[in-house]
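K.L.:
I'd like to ask you about the structure that follows.
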Amino acid sequence: MTGANGHGITADILVNHMLGNVVTHCTGDGIRVNGSTKIHHNVVGNNGGRGIAVATDYFGNTVLRSNTSYNNGGPGLEISNADAILDSVAFNIGYGNSVGLRRNGVGAIVLTCNDWIVNAQRRDVGASPSD
């Protein structure tokens with residue numbers, strides 16, 4: 001998906017995998033997902049909003065892994081949830097976004113081997129900086 005006027009991909013229903021998408025130059029968010037078990041191997045860049053935005057209101061144990069998010073107007077990755085536990089945020093790259101990772105909500109997340117590079121703000125907001 002390239003050059004959408006608005007969001008690139010929006011999934012408002014539960015999807016099992018969001019895999020292997022390339023979304024660039026959209027005026028809104030690159031990928032918006034409301035409930036998914038695995039969001040992995042996607043590339044999002046040069047979008048006006050967030051790179052990948054994940055809301056996990058329905059359940060826990062979502063995996064956000066091996067994604068690349070670059071030069072987006074908002075956070076490279078944004079996780080919002082009510083009570084869910086996000087299982088794994090691992091092997092992601094955030095480059096040149098407003099912030100690499102923004103975390104909204106409660107519950108634990110596991111950060112492993114992510115690279116937050118040259119983002120306008122510090123590498124993560126609302127998450128432990130220990131990865």
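All residue names refer to the structure tokens as shown: chains lettered A, B, ... in order, residues numbered from 1 in each chain, ligands numbered from 1 in order.
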Which residues come within 8 Å of Val23 of chain A, counting only C-alpha atoms, excluding same-chain residues fewer than 6 positions away, as a PyMOL selection string?

P.N.:
chain A and resi 1-2+8-9+30-31+43-45

K.L.:
Do a neighbour search on Asn71 of chain A at 12 Å with only C-alpha atoms, toss out local chain neighbours closer than 4 positions, and write the hits as a PyMOL selection string.

P.N.:
chain A and resi 24-26+29-30+43-51+75-77+93-100+116-120

K.L.:
Keeping only C-alpha atoms, write those residues as a short mmCIF file (atom, residue, chain, number, x, y, z; two decimals), in the first residue's frame.

P.N.:
```cif
data_model
loop_
_atom_site.label_atom_id
_atom_site.label_comp_id
_atom_site.auth_asym_id
_atom_site.auth_seq_id
_atom_site.Cartn_x
_atom_site.Cartn_y
_atom_site.Cartn_z
CA THR A 24 4.44 3.88 2.85
CA HIS A 25 3.54 7.52 2.17
CA CYS A 26 0.01 7.47 3.63
CA ASP A 29 -1.22 5.79 10.20
CA GLY A 30 0.56 3.04 8.31
CA VAL A 43 7.58 -2.36 6.93
CA VAL A 44 5.95 1.05 7.41
CA GLY A 45 7.53 4.36 6.51
CA ASN A 46 7.01 8.01 5.64
CA ASN A 47 3.42 7.98 6.90
CA GLY A 48 1.82 11.09 8.39
CA GLY A 49 0.70 9.38 11.61
CA ARG A 50 1.91 6.39 13.58
CA GLY A 51 3.80 3.59 11.88
CA PRO A 75 5.51 6.94 17.03
CA GLY A 76 7.07 4.11 15.09
CA LEU A 77 5.12 1.62 17.21
CA ILE A 93 13.47 -1.27 14.30
CA GLY A 94 12.22 2.28 14.83
CA TYR A 95 14.16 4.94 12.91
CA GLY A 96 13.44 8.66 12.52
CA ASN A 97 9.94 8.64 14.06
CA SER A 98 8.62 11.05 16.71
CA VAL A 99 9.46 8.27 19.22
CA GLY A 100 10.40 4.63 18.65
CA TRP A 116 15.25 2.65 18.46
CA ILE A 117 17.49 4.89 16.34
CA VAL A 118 17.45 8.66 15.60
CA ASN A 119 13.89 9.25 16.81
CA ALA A 120 12.97 12.83 17.72
#
```

K.L.:
List the spatial neighbours of Ile79 of chain A as JSON, numbers by chain - criterion: any atom at most 9 Å away, only C-alpha atoms, same-chain residues fewer than 2 positions off excluded.

P.N.:
{"A": [52, 53, 54, 55, 56, 77, 81, 86, 101, 102, 103, 104, 105]}

K.L.:
For the strand (DSSP E) assignment from backbone DSSP, which residues of segment 4-105 of chain A qualify? Please present them as a CSV table (one decimal) with all heavy atoms, in the first residue's frame.

P.N.:
```
chain,number,residue,atom,x,y,z
A,9,ILE,N,-3.5,0.5,6.3
A,9,ILE,CA,-4.3,-0.7,6.6
A,9,ILE,C,-4.9,-0.5,7.9
A,9,ILE,O,-4.3,-0.2,8.9
A,9,ILE,CB,-3.4,-1.9,6.6
A,9,ILE,CG1,-2.7,-2.2,5.2
A,9,ILE,CG2,-4.2,-3.2,7.0
A,9,ILE,CD1,-1.7,-3.3,5.2
A,10,THR,N,-6.3,-0.8,8.0
A,10,THR,CA,-7.0,-0.7,9.2
A,10,THR,C,-7.7,-2.0,9.4
A,10,THR,O,-8.4,-2.5,8.5
A,10,THR,CB,-8.0,0.4,9.2
A,10,THR,OG1,-7.3,1.7,9.1
A,10,THR,CG2,-8.8,0.5,10.6
A,11,ALA,N,-7.5,-2.7,10.6
A,11,ALA,CA,-8.2,-3.9,10.9
A,11,ALA,C,-8.9,-3.7,12.2
A,11,ALA,O,-8.3,-3.7,13.3
A,11,ALA,CB,-7.2,-5.1,11.0
A,15,VAL,N,-7.8,-10.2,14.1
A,15,VAL,CA,-7.1,-10.9,13.0
A,15,VAL,C,-6.0,-11.8,13.7
A,15,VAL,O,-5.4,-11.3,14.7
A,15,VAL,CB,-6.5,-10.0,12.0
A,15,VAL,CG1,-7.6,-9.3,11.2
A,15,VAL,CG2,-5.5,-9.0,12.6
A,16,ASN,N,-5.7,-12.9,13.1
A,16,ASN,CA,-4.7,-13.8,13.7
A,16,ASN,C,-3.3,-13.3,13.4
A,16,ASN,O,-2.4,-13.1,14.3
A,16,ASN,CB,-4.8,-15.2,13.2
A,16,ASN,CG,-4.0,-16.2,14.0
A,16,ASN,OD1,-3.6,-15.9,15.1
A,16,ASN,ND2,-3.6,-17.3,13.3
A,17,HIS,N,-3.0,-13.0,12.1
A,17,HIS,CA,-1.7,-12.5,11.7
A,17,HIS,C,-1.8,-11.2,10.9
A,17,HIS,O,-2.6,-11.1,10.0
A,17,HIS,CB,-0.9,-13.5,10.8
A,17,HIS,CG,-0.5,-14.7,11.6
A,17,HIS,ND1,0.7,-14.7,12.3
A,17,HIS,CD2,-1.1,-15.9,11.8
A,17,HIS,CE1,0.9,-15.9,12.8
A,17,HIS,NE2,-0.2,-16.7,12.6
A,18,MET,N,-0.9,-10.3,11.1
A,18,MET,CA,-0.7,-9.1,10.2
A,18,MET,C,0.7,-9.3,9.8
A,18,MET,O,1.6,-8.9,10.5
A,18,MET,CB,-1.0,-7.8,11.0
A,18,MET,CG,-0.8,-6.6,10.2
A,18,MET,SD,-2.0,-6.3,8.9
A,18,MET,CE,-3.5,-6.1,9.8
A,19,LEU,N,0.9,-9.9,8.6
A,19,LEU,CA,2.3,-10.3,8.2
A,19,LEU,C,2.7,-9.8,6.9
A,19,LEU,O,1.9,-9.9,5.9
A,19,LEU,CB,2.2,-11.9,8.2
A,19,LEU,CG,3.4,-12.6,7.5
A,19,LEU,CD1,4.7,-12.4,8.3
A,19,LEU,CD2,3.1,-14.1,7.4
A,22,VAL,N,3.9,-3.9,3.4
A,22,VAL,CA,4.7,-2.7,3.2
A,22,VAL,C,3.7,-1.6,2.9
A,22,VAL,O,3.0,-1.6,2.0
A,22,VAL,CB,5.6,-2.9,1.9
A,22,VAL,CG1,6.4,-1.6,1.7
A,22,VAL,CG2,6.6,-4.1,2.1
A,23,VAL,N,3.8,-0.6,3.8
A,23,VAL,CA,2.9,0.5,3.8
A,23,VAL,C,3.7,1.8,3.9
A,23,VAL,O,4.3,2.1,4.9
A,23,VAL,CB,1.8,0.5,5.0
A,23,VAL,CG1,0.9,1.6,4.9
A,23,VAL,CG2,1.1,-0.9,5.0
A,24,THR,N,3.7,2.6,2.9
A,24,THR,CA,4.4,3.9,2.8
A,24,THR,C,3.6,5.1,2.3
A,24,THR,O,2.7,4.9,1.6
A,24,THR,CB,5.7,3.7,2.0
A,24,THR,OG1,5.3,3.5,0.6
A,24,THR,CG2,6.6,2.6,2.5
A,31,ILE,N,-0.3,1.2,9.7
A,31,ILE,CA,-1.1,0.1,10.0
A,31,ILE,C,-1.8,0.3,11.4
A,31,ILE,O,-1.1,0.7,12.3
A,31,ILE,CB,-0.3,-1.2,10.1
A,31,ILE,CG1,0.3,-1.6,8.8
A,31,ILE,CG2,-1.1,-2.4,10.6
A,31,ILE,CD1,1.3,-2.8,8.8
A,32,ARG,N,-3.1,0.1,11.4
A,32,ARG,CA,-3.9,0.2,12.7
A,32,ARG,C,-4.6,-1.1,12.9
A,32,ARG,O,-5.4,-1.5,12.0
A,32,ARG,CB,-4.9,1.3,12.6
A,32,ARG,CG,-4.4,2.7,12.4
A,32,ARG,CD,-5.5,3.7,12.2
A,32,ARG,NE,-6.3,3.7,13.4
A,32,ARG,CZ,-7.4,4.5,13.6
A,32,ARG,NH1,-7.7,5.4,12.7
A,32,ARG,NH2,-8.1,4.4,14.7
A,33,VAL,N,-4.4,-1.7,14.0
A,33,VAL,CA,-4.9,-3.0,14.3
A,33,VAL,C,-5.6,-3.0,15.7
A,33,VAL,O,-5.0,-2.5,16.6
A,33,VAL,CB,-3.8,-4.1,14.3
A,33,VAL,CG1,-4.4,-5.5,14.6
A,33,VAL,CG2,-3.1,-4.2,13.0
A,34,ASN,N,-6.8,-3.4,15.7
A,34,ASN,CA,-7.5,-3.6,17.0
A,34,ASN,C,-7.7,-5.0,17.3
A,34,ASN,O,-8.7,-5.6,17.0
A,34,ASN,CB,-8.9,-2.8,17.0
A,34,ASN,CG,-9.5,-2.8,18.3
A,34,ASN,OD1,-8.9,-3.0,19.3
A,34,ASN,ND2,-10.8,-2.4,18.3
A,36,SER,N,-4.9,-8.4,17.5
A,36,SER,CA,-4.2,-9.3,16.6
A,36,SER,C,-3.3,-10.1,17.5
A,36,SER,O,-2.7,-9.6,18.4
A,36,SER,CB,-3.5,-8.6,15.5
A,36,SER,OG,-2.8,-9.5,14.7
A,37,THR,N,-3.1,-11.4,17.2
A,37,THR,CA,-2.2,-12.2,18.0
A,37,THR,C,-0.7,-12.0,17.5
A,37,THR,O,0.2,-12.0,18.4
A,37,THR,CB,-2.5,-13.7,17.9
A,37,THR,OG1,-2.6,-14.1,16.6
A,37,THR,CG2,-3.8,-13.9,18.6
A,38,LYS,N,-0.5,-11.8,16.2
A,38,LYS,CA,0.9,-11.6,15.8
A,38,LYS,C,0.9,-10.5,14.7
A,38,LYS,O,0.3,-10.7,13.7
A,38,LYS,CB,1.5,-12.9,15.2
A,38,LYS,CG,1.6,-14.0,16.2
A,38,LYS,CD,2.2,-15.3,15.7
A,38,LYS,CE,2.3,-16.3,16.8
A,38,LYS,NZ,2.7,-17.6,16.3
A,39,ILE,N,1.7,-9.5,15.0
A,39,ILE,CA,2.0,-8.5,14.0
A,39,ILE,C,3.5,-8.5,13.7
A,39,ILE,O,4.3,-8.2,14.6
A,39,ILE,CB,1.6,-7.1,14.5
A,39,ILE,CG1,0.1,-7.1,14.9
A,39,ILE,CG2,1.9,-6.0,13.6
A,39,ILE,CD1,-0.2,-6.6,16.2
A,40,HIS,N,3.9,-9.1,12.6
A,40,HIS,CA,5.3,-9.3,12.4
A,40,HIS,C,5.7,-9.2,10.9
A,40,HIS,O,4.9,-9.3,10.0
A,40,HIS,CB,5.7,-10.7,12.9
A,40,HIS,CG,4.8,-11.8,12.4
A,40,HIS,ND1,5.4,-12.8,11.6
A,40,HIS,CD2,3.5,-12.1,12.5
A,40,HIS,CE1,4.5,-13.7,11.3
A,40,HIS,NE2,3.3,-13.3,11.8
A,43,VAL,N,6.8,-3.5,7.1
A,43,VAL,CA,7.6,-2.4,6.9
A,43,VAL,C,6.6,-1.2,6.7
A,43,VAL,O,5.8,-1.2,5.8
A,43,VAL,CB,8.5,-2.5,5.7
A,43,VAL,CG1,9.3,-1.2,5.5
A,43,VAL,CG2,9.5,-3.7,5.9
A,44,VAL,N,6.8,-0.2,7.5
A,44,VAL,CA,6.0,1.0,7.4
A,44,VAL,C,6.9,2.3,7.4
A,44,VAL,O,7.8,2.3,8.3
A,44,VAL,CB,4.9,1.1,8.5
A,44,VAL,CG1,3.8,0.1,8.4
A,44,VAL,CG2,5.5,1.0,9.9
A,45,GLY,N,6.6,3.2,6.5
A,45,GLY,CA,7.5,4.4,6.5
A,45,GLY,C,6.9,5.6,5.8
A,45,GLY,O,6.1,5.4,4.9
A,52,ILE,N,2.9,1.8,13.2
A,52,ILE,CA,2.0,0.6,13.5
A,52,ILE,C,1.4,1.0,14.9
A,52,ILE,O,2.0,1.2,15.9
A,52,ILE,CB,2.8,-0.7,13.6
A,52,ILE,CG1,3.4,-1.0,12.3
A,52,ILE,CG2,1.8,-1.8,14.1
A,52,ILE,CD1,4.3,-2.3,12.3
A,53,ALA,N,0.0,1.0,14.9
A,53,ALA,CA,-0.7,1.2,16.1
A,53,ALA,C,-1.5,0.0,16.5
A,53,ALA,O,-2.3,-0.5,15.6
A,53,ALA,CB,-1.7,2.4,15.9
A,54,VAL,N,-1.3,-0.5,17.7
A,54,VAL,CA,-2.0,-1.7,18.1
A,54,VAL,C,-2.8,-1.5,19.4
A,54,VAL,O,-2.3,-1.0,20.4
A,54,VAL,CB,-0.9,-2.8,18.5
A,54,VAL,CG1,-1.6,-4.1,18.9
A,54,VAL,CG2,0.0,-3.1,17.3
A,55,ALA,N,-4.1,-1.8,19.3
A,55,ALA,CA,-5.0,-1.8,20.5
A,55,ALA,C,-5.3,-3.2,20.8
A,55,ALA,O,-5.8,-4.0,19.9
A,55,ALA,CB,-6.2,-1.0,20.2
A,62,THR,N,-0.3,-10.6,22.7
A,62,THR,CA,0.0,-10.2,21.4
A,62,THR,C,1.5,-10.1,21.2
A,62,THR,O,2.2,-9.8,22.1
A,62,THR,CB,-0.7,-8.8,21.1
A,62,THR,OG1,-2.1,-8.9,21.2
A,62,THR,CG2,-0.3,-8.3,19.8
A,63,VAL,N,1.9,-10.5,20.0
A,63,VAL,CA,3.3,-10.4,19.6
A,63,VAL,C,3.5,-9.4,18.6
A,63,VAL,O,2.8,-9.4,17.5
A,63,VAL,CB,3.8,-11.8,19.1
A,63,VAL,CG1,5.2,-11.7,18.6
A,63,VAL,CG2,3.7,-12.8,20.2
A,64,LEU,N,4.4,-8.4,18.8
A,64,LEU,CA,4.8,-7.4,17.9
A,64,LEU,C,6.3,-7.6,17.6
A,64,LEU,O,7.1,-7.2,18.4
A,64,LEU,CB,4.5,-6.0,18.5
A,64,LEU,CG,4.6,-4.8,17.7
A,64,LEU,CD1,3.7,-4.8,16.5
A,64,LEU,CD2,4.3,-3.5,18.5
A,65,ARG,N,6.6,-8.2,16.5
A,65,ARG,CA,7.9,-8.7,16.3
A,65,ARG,C,8.4,-8.5,14.9
A,65,ARG,O,7.7,-8.7,13.9
A,65,ARG,CB,7.9,-10.2,16.6
A,65,ARG,CG,9.3,-10.8,16.6
A,65,ARG,CD,9.2,-12.2,17.2
A,65,ARG,NE,8.9,-12.2,18.6
A,65,ARG,CZ,8.2,-13.2,19.2
A,65,ARG,NH1,7.8,-14.3,18.5
A,65,ARG,NH2,8.0,-13.1,20.5
A,68,THR,N,9.7,-3.1,10.9
A,68,THR,CA,10.5,-1.9,10.6
A,68,THR,C,9.6,-0.7,10.4
A,68,THR,O,8.7,-0.8,9.6
A,68,THR,CB,11.4,-2.1,9.4
A,68,THR,OG1,12.3,-3.2,9.6
A,68,THR,CG2,12.3,-0.8,9.1
A,69,SER,N,9.9,0.4,11.2
A,69,SER,CA,9.0,1.6,11.1
A,69,SER,C,10.0,2.8,11.0
A,69,SER,O,10.8,3.0,11.9
A,69,SER,CB,8.2,1.6,12.4
A,69,SER,OG,7.3,2.7,12.3
A,70,TYR,N,9.9,3.5,10.0
A,70,TYR,CA,10.8,4.6,9.8
A,70,TYR,C,10.1,5.9,9.3
A,70,TYR,O,9.2,5.9,8.5
A,70,TYR,CB,11.9,4.2,8.8
A,70,TYR,CG,11.4,3.9,7.4
A,70,TYR,CD1,11.4,5.0,6.4
A,70,TYR,CD2,10.9,2.7,7.0
A,70,TYR,CE1,10.9,4.7,5.1
A,70,TYR,CE2,10.4,2.5,5.7
A,70,TYR,CZ,10.4,3.5,4.8
A,70,TYR,OH,10.0,3.2,3.5
A,77,LEU,N,6.0,2.6,16.7
A,77,LEU,CA,5.1,1.6,17.2
A,77,LEU,C,4.3,2.2,18.4
A,77,LEU,O,5.0,2.9,19.2
A,77,LEU,CB,5.9,0.4,17.7
A,77,LEU,CG,6.8,-0.3,16.7
A,77,LEU,CD1,7.6,-1.4,17.4
A,77,LEU,CD2,6.1,-0.8,15.5
A,78,GLU,N,3.0,2.0,18.4
A,78,GLU,CA,2.2,2.5,19.6
A,78,GLU,C,1.3,1.3,20.0
A,78,GLU,O,0.6,0.7,19.2
A,78,GLU,CB,1.4,3.7,19.2
A,78,GLU,CG,0.6,4.2,20.4
A,78,GLU,CD,-0.1,5.4,20.1
A,78,GLU,OE1,-1.2,5.3,19.6
A,78,GLU,OE2,0.4,6.5,20.5
A,79,ILE,N,1.4,1.0,21.3
A,79,ILE,CA,0.6,0.0,21.9
A,79,ILE,C,-0.3,0.6,22.9
A,79,ILE,O,0.1,1.3,23.8
A,79,ILE,CB,1.5,-1.0,22.6
A,79,ILE,CG1,2.6,-1.6,21.7
A,79,ILE,CG2,0.7,-2.1,23.2
A,79,ILE,CD1,3.8,-2.2,22.4
A,80,SER,N,-1.6,0.4,22.7
A,80,SER,CA,-2.7,0.8,23.6
A,80,SER,C,-3.5,-0.3,24.0
A,80,SER,O,-4.0,-1.1,23.2
A,80,SER,CB,-3.6,1.9,22.9
A,80,SER,OG,-2.8,3.0,22.5
A,81,ASN,N,-3.7,-0.5,25.3
A,81,ASN,CA,-4.6,-1.5,25.8
A,81,ASN,C,-5.2,-1.2,27.2
A,81,ASN,O,-4.7,-0.3,27.9
A,81,ASN,CB,-3.9,-2.9,25.9
A,81,ASN,CG,-2.7,-2.8,26.9
A,81,ASN,OD1,-2.3,-1.8,27.3
A,81,ASN,ND2,-2.2,-4.0,27.2
A,86,LEU,N,0.7,-7.5,26.8
A,86,LEU,CA,1.3,-7.6,25.5
A,86,LEU,C,2.5,-8.5,25.8
A,86,LEU,O,3.4,-8.2,26.5
A,86,LEU,CB,1.7,-6.3,25.0
A,86,LEU,CG,2.1,-6.4,23.5
A,86,LEU,CD1,0.8,-6.5,22.7
A,86,LEU,CD2,2.8,-5.2,23.1
A,87,ASP,N,2.6,-9.6,25.1
A,87,ASP,CA,3.6,-10.7,25.4
A,87,ASP,C,5.0,-10.3,25.0
A,87,ASP,O,5.9,-10.4,25.7
A,87,ASP,CB,3.2,-12.0,24.7
A,87,ASP,CG,4.2,-13.0,24.9
A,87,ASP,OD1,4.6,-13.3,26.0
A,87,ASP,OD2,4.7,-13.6,23.9
A,88,SER,N,5.1,-9.8,23.7
A,88,SER,CA,6.5,-9.7,23.2
A,88,SER,C,6.6,-8.5,22.2
A,88,SER,O,5.8,-8.4,21.3
A,88,SER,CB,6.9,-11.0,22.5
A,88,SER,OG,8.2,-10.8,22.0
A,89,VAL,N,7.5,-7.6,22.5
A,89,VAL,CA,7.9,-6.6,21.5
A,89,VAL,C,9.4,-6.8,21.3
A,89,VAL,O,10.2,-6.5,22.1
A,89,VAL,CB,7.6,-5.2,22.1
A,89,VAL,CG1,8.1,-4.1,21.1
A,89,VAL,CG2,6.2,-5.0,22.5
A,90,ALA,N,9.7,-7.5,20.2
A,90,ALA,CA,11.0,-8.0,20.0
A,90,ALA,C,11.5,-7.8,18.5
A,90,ALA,O,10.7,-7.9,17.6
A,90,ALA,CB,11.1,-9.4,20.4
A,93,ILE,N,12.6,-2.4,14.6
A,93,ILE,CA,13.5,-1.3,14.3
A,93,ILE,C,12.6,0.0,14.2
A,93,ILE,O,11.6,-0.1,13.4
A,93,ILE,CB,14.3,-1.4,13.0
A,93,ILE,CG1,15.2,-2.7,13.1
A,93,ILE,CG2,15.1,-0.2,12.7
A,93,ILE,CD1,15.9,-3.0,11.8
A,94,GLY,N,12.9,1.0,14.9
A,94,GLY,CA,12.2,2.3,14.8
A,94,GLY,C,13.2,3.3,14.5
A,94,GLY,O,14.1,3.6,15.3
A,95,TYR,N,13.2,4.0,13.4
A,95,TYR,CA,14.2,4.9,12.9
A,95,TYR,C,13.5,6.2,12.5
A,95,TYR,O,12.6,6.2,11.6
A,95,TYR,CB,15.0,4.4,11.7
A,95,TYR,CG,16.0,5.4,11.2
A,95,TYR,CD1,17.2,5.5,11.7
A,95,TYR,CD2,15.6,6.2,10.1
A,95,TYR,CE1,18.1,6.4,11.2
A,95,TYR,CE2,16.5,7.1,9.6
A,95,TYR,CZ,17.7,7.2,10.2
A,95,TYR,OH,18.6,8.1,9.7
A,101,LEU,N,8.9,3.8,20.4
A,101,LEU,CA,7.8,3.1,20.9
A,101,LEU,C,7.0,3.9,21.9
A,101,LEU,O,7.6,4.5,22.8
A,101,LEU,CB,8.3,1.8,21.7
A,101,LEU,CG,7.3,1.0,22.5
A,101,LEU,CD1,6.2,0.4,21.7
A,101,LEU,CD2,8.0,0.0,23.4
A,102,ARG,N,5.7,4.0,21.8
A,102,ARG,CA,4.9,4.6,22.8
A,102,ARG,C,3.9,3.6,23.4
A,102,ARG,O,3.3,2.8,22.6
A,102,ARG,CB,4.0,5.8,22.2
A,102,ARG,CG,3.1,6.4,23.3
A,102,ARG,CD,2.2,7.5,22.7
A,102,ARG,NE,3.0,8.6,22.4
A,102,ARG,CZ,2.7,9.5,21.4
A,102,ARG,NH1,1.7,9.3,20.7
A,102,ARG,NH2,3.5,10.5,21.1
A,103,ARG,N,3.9,3.5,24.7
A,103,ARG,CA,3.1,2.6,25.4
A,103,ARG,C,2.0,3.3,26.2
A,103,ARG,O,2.3,4.1,27.0
A,103,ARG,CB,4.0,1.8,26.4
A,103,ARG,CG,3.3,1.0,27.4
A,103,ARG,CD,2.9,-0.4,26.7
A,103,ARG,NE,2.6,-1.3,27.8
A,103,ARG,CZ,1.4,-1.6,28.2
A,103,ARG,NH1,0.3,-1.1,27.6
A,103,ARG,NH2,1.2,-2.5,29.1
A,104,ASN,N,0.7,3.0,25.9
A,104,ASN,CA,-0.4,3.5,26.6
A,104,ASN,C,-1.2,2.3,27.3
A,104,ASN,O,-1.4,1.3,26.7
A,104,ASN,CB,-1.4,4.2,25.7
A,104,ASN,CG,-0.8,5.3,24.9
A,104,ASN,OD1,0.0,6.1,25.4
A,104,ASN,ND2,-1.0,5.3,23.6
A,105,GLY,N,-1.6,2.5,28.6
A,105,GLY,CA,-2.3,1.4,29.2
A,105,GLY,C,-1.6,0.8,30.3
A,105,GLY,O,-0.5,1.2,30.8
```

K.L.:
Could you please determine the separation between atom CA of Gly73 of chain A and atom CA of Gly3 of chain A in Å, to one decimal place?

P.N.:
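The value is 14.5 Å.
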
K.L.:
Any idea what's packed within 6 Å of Phe91 of chain A, counting only C-alpha atoms, ignoring anything in its chain fewer than 3 positions away? Could you give it as a PyMOL selection string?

P.N.:
chain A and resi 65-66+113-114

K.L.:
Would you mind reading off the distance between atom CA of Gln121 of chain A and atom CA of Gly74 of chain A, one decimal, in Å?

P.N.:
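Taking atom CA of Gln121 of chain A as the start and atom CA of Gly74 of chain A as the end point, the length is 10.6 Å.
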
K.L.:
Which distance in Å separates atom CA of His41 of chain A and atom CA of Val106 of chain A, to one decimal?

P.N.:
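A separation of 25.4 Å between them.
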